[in-house]
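One structure below.
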Amino acid sequence: MSSLTIGCIVFGCVFGGALLGMLLRNVLPEDHLTQDSRDVVKLGIGFIGTMAALAIGLLVSSAKGSFEKQSDELKQAAANLILVDRVLAQYGPETKDIRDLMRQSVVRNLDLVWPEESSRAAKPGDPGTAPARVENIEEGIRALVPHSDLQRALQSQALQLTTEEARLRWLLFGQIGQGSIPRPFLVLLVAWLAIIFTTFGLLAPRNSTVVVVLLLCSLSASGALFLILEMDQPFQGWLKISSAPLHYALAHVGQ
C-alpha cells in the first residue's frame, strides 16, 4: 500500500472521527456533557494526545535518520565507484571492459530506481540484481594478470574498494520496499488520533469555522504521517533520495 493511500485513509479516519463526535453531541444525554464530564474527558484526551505526540516525534526522528543514512550510503557508493574507476584507469588499458561494465551498472541502477529521470524506457528488473553486477566486476578484476608490483597493488586496492561497494549496494537495494515502521504501531497511532478528533468534535460547537479548523488539523495530521512514510521508503514514492551522486559518478566512470 502506497504512502498516499495510507495518508488518505488516515485523513478519513481522523476527520471522520471529528464528524462522528459532532453527531454524538446531539445523541448523548445532557448529563454526559456537564462541565465535570468535560474536564474528565479533557484530561483523558490530554493523556492520549501526549502519547500520540511522543509517538509521532519518535517516528519523525527514526524516518529522518533512516533517510539521511541511506542518502549518505548512496554518496559513499558513488564515491567508491569513482575511486575504483580511477584505480583501474591507472592499472592500464586492459581494464577498459571492466570500466565499461561499471558504467553500464550505474546506468542500470538509475533506470531501476529513478526511471522518471531516464532518457530511455526502463527495462523491468529486480533492483536486488545490482549487487550481483558488482560481483561480476569483482570477478573481472580478479581475472587481471598484473605484470608489476604497481599493478598488483592497484589490483588489490580495486578489489578492496569493490568489496566495500558490493556491501553498500546490498544494504541500499536490500531495503527497497521495506519500511522500518511496524504496521501495528501505525494502526495504534491512527486510532489515537481518531479518538482525539472524535473528542474534539464532541466538545466543539457546530459551526462552519470549527469544521474548517478540524478539516485543516486532520489534513495536517495525515500529511505528517504521509511524510513519515515517504521518508521511511527513500527509494520509492514522491520523496526520493536524490540521484545526483550516481549522475556525478556516471559523468566520471569510464572517462
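Naming works like this for the C-alpha cells: A, B, ... for the chains as they're shown, residue 1 at the start of each chain, ligands 1 onward in shown order.
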All residues 12 Å or closer to Ala53 of chain A, only C-alpha atoms, same chain fewer than 3 positions away omitted, as a ChimeraX atom specification: /A:45-50,56-60,189-190,192-193,196,221,224-225
Compile the contact shell of segment 9-24 of chain A as a VMD selection string: residues with an atom at most 6 Å away, counting only C-alpha atoms, same-chain residues fewer than 5 positions apart removed. chain A and resid 194 197 to 199 201 to 202 218 222
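With only C-alpha atoms as the atoms that count, the residue of A:Phe226, A:Ser3, A:Asn109, A:Thr95 with the shortest distance to Val145 of chain A is A:Thr95.
Interatomic distance, atom CA of Ala191 of chain A to atom CA of Pro234 of chain A: 25.8 Å.
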Using backbone DSSP assignments, extract all alpha helix (DSSP H) residues from segment 165-232 of chain A; output them as a ChimeraX atom specification. /A:165-173,183-203,208-232
If you measure from atom CA of Phe200 of chain A to atom CA of Asp36 of chain A, what distance in Å do you get, rounded to one decimal?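 The value is 16.3 Å.
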Shortest interatomic distance to Leu203 of chain A - which of A:Ala55, A:Val41, A:Val87, A:Val27, counting only C-alpha atoms: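 Among A:Ala55, A:Val41, A:Val87, A:Val27, it is A:Val41 that comes nearest to Leu203 of chain A.
The smallest atom-to-atom distance between Asn136 of chain A and any of A:Gln35, A:Gln104, A:Ser242, A:Ser71, using only C-alpha atoms, is found for A:Gln104.
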Polymer residues at most 9 Å from Asp100 of chain A, only C-alpha atoms, same-chain spacing of 5 or more positions, as a PDB file with N, CA and C atoms, in the first residue's frame:
```
ATOM      1  N   THR A  95      41.835  -2.796 -18.648  1.00  0.00           N
ATOM      2  CA  THR A  95      40.675  -2.735 -17.747  1.00  0.00           C
ATOM      3  C   THR A  95      39.491  -2.009 -18.382  1.00  0.00           C
ATOM      4  N   SER A 105      26.491  -0.586 -15.179  1.00  0.00           N
ATOM      5  CA  SER A 105      25.859  -0.864 -13.894  1.00  0.00           C
ATOM      6  C   SER A 105      25.234   0.404 -13.308  1.00  0.00           C
ATOM      7  N   VAL A 253      32.889   7.899 -14.449  1.00  0.00           N
ATOM      8  CA  VAL A 253      33.259   6.497 -14.636  1.00  0.00           C
ATOM      9  C   VAL A 253      33.451   6.194 -16.124  1.00  0.00           C
ATOM     10  N   GLY A 254      34.543   5.554 -16.460  1.00  0.00           N
ATOM     11  CA  GLY A 254      34.809   5.155 -17.830  1.00  0.00           C
ATOM     12  C   GLY A 254      35.381   6.249 -18.707  1.00  0.00           C
TER      13      GLY A 254
END
```
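Of the residues listed (A:Leu43, A:Leu186, A:Leu246, A:Met231), A:Met231 shows the shortest atom-to-atom separation from Gly65 of chain A; distances use only C-alpha atoms.
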For a quick check of understanding, using only C-alpha atoms, which of A:Glu116, A:Asp39, A:Glu30, A:Glu138 has the smallest distance to Gly237 of chain A?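 Ranking A:Glu116, A:Asp39, A:Glu30, A:Glu138 by distance to Gly237 of chain A, first place goes to A:Glu116.
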Minimum-distance residue to Leu83 of chain A, chosen among A:Leu215, A:Ala249, A:Ile98, A:Leu110 (using only C-alpha atoms):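 With only C-alpha atoms as the atom set, the closest residue is A:Ala249.
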If we count only C-alpha atoms and set the cut-off at 8 Å, which residues sit around Glu165 of chain A, ignoring sequence neighbours fewer than 2 positions away in its own chain? Please answer as a ChimeraX atom specification. /A:77,80-81,134,161-163,167-169
Residues within 10 Å of Pro245 of chain A, only C-alpha atoms, excluding chain neighbours under 4 positions, as a PDB file with N, CA and C atoms, in the first residue's frame:
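Dumped to around-v3.pdb:
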```pdb
ATOM      1  N   SER A  71      20.898   8.047   2.303  1.00  0.00           N
ATOM      2  CA  SER A  71      21.442   9.056   1.394  1.00  0.00           C
ATOM      3  C   SER A  71      22.967   9.101   1.484  1.00  0.00           C
ATOM      4  N   ASP A  72      23.489   9.029   2.699  1.00  0.00           N
ATOM      5  CA  ASP A  72      24.946   9.020   2.884  1.00  0.00           C
ATOM      6  C   ASP A  72      25.571   7.756   2.291  1.00  0.00           C
ATOM      7  N   LEU A  74      24.440   6.087  -0.244  1.00  0.00           N
ATOM      8  CA  LEU A  74      24.444   6.245  -1.700  1.00  0.00           C
ATOM      9  C   LEU A  74      25.607   7.112  -2.150  1.00  0.00           C
ATOM     10  N   LYS A  75      25.872   8.192  -1.420  1.00  0.00           N
ATOM     11  CA  LYS A  75      27.004   9.050  -1.750  1.00  0.00           C
ATOM     12  C   LYS A  75      28.324   8.293  -1.624  1.00  0.00           C
ATOM     13  N   GLN A  76      28.438   7.467  -0.572  1.00  0.00           N
ATOM     14  CA  GLN A  76      29.654   6.688  -0.384  1.00  0.00           C
ATOM     15  C   GLN A  76      29.824   5.663  -1.501  1.00  0.00           C
ATOM     16  N   ALA A  77      28.707   5.042  -1.912  1.00  0.00           N
ATOM     17  CA  ALA A  77      28.777   4.067  -3.007  1.00  0.00           C
ATOM     18  C   ALA A  77      29.213   4.740  -4.302  1.00  0.00           C
ATOM     19  N   ALA A  78      28.699   5.939  -4.576  1.00  0.00           N
ATOM     20  CA  ALA A  78      29.095   6.661  -5.782  1.00  0.00           C
ATOM     21  C   ALA A  78      30.568   7.040  -5.728  1.00  0.00           C
ATOM     22  N   ALA A  79      31.026   7.459  -4.554  1.00  0.00           N
ATOM     23  CA  ALA A  79      32.440   7.808  -4.405  1.00  0.00           C
ATOM     24  C   ALA A  79      33.334   6.590  -4.622  1.00  0.00           C
ATOM     25  N   ILE A 241      15.352   9.805  -2.426  1.00  0.00           N
ATOM     26  CA  ILE A 241      16.736  10.246  -2.293  1.00  0.00           C
ATOM     27  C   ILE A 241      17.206  10.787  -3.639  1.00  0.00           C
ATOM     28  N   ALA A 249      28.765  10.219 -10.553  1.00  0.00           N
ATOM     29  CA  ALA A 249      29.628   9.073 -10.819  1.00  0.00           C
ATOM     30  C   ALA A 249      29.591   8.679 -12.287  1.00  0.00           C
ATOM     31  N   LEU A 250      28.400   8.730 -12.884  1.00  0.00           N
ATOM     32  CA  LEU A 250      28.248   8.376 -14.292  1.00  0.00           C
ATOM     33  C   LEU A 250      29.060   9.300 -15.198  1.00  0.00           C
ATOM     34  N   ALA A 251      29.173  10.560 -14.781  1.00  0.00           N
ATOM     35  CA  ALA A 251      29.921  11.527 -15.590  1.00  0.00           C
ATOM     36  C   ALA A 251      31.416  11.285 -15.535  1.00  0.00           C
TER      37      ALA A 251
END
```
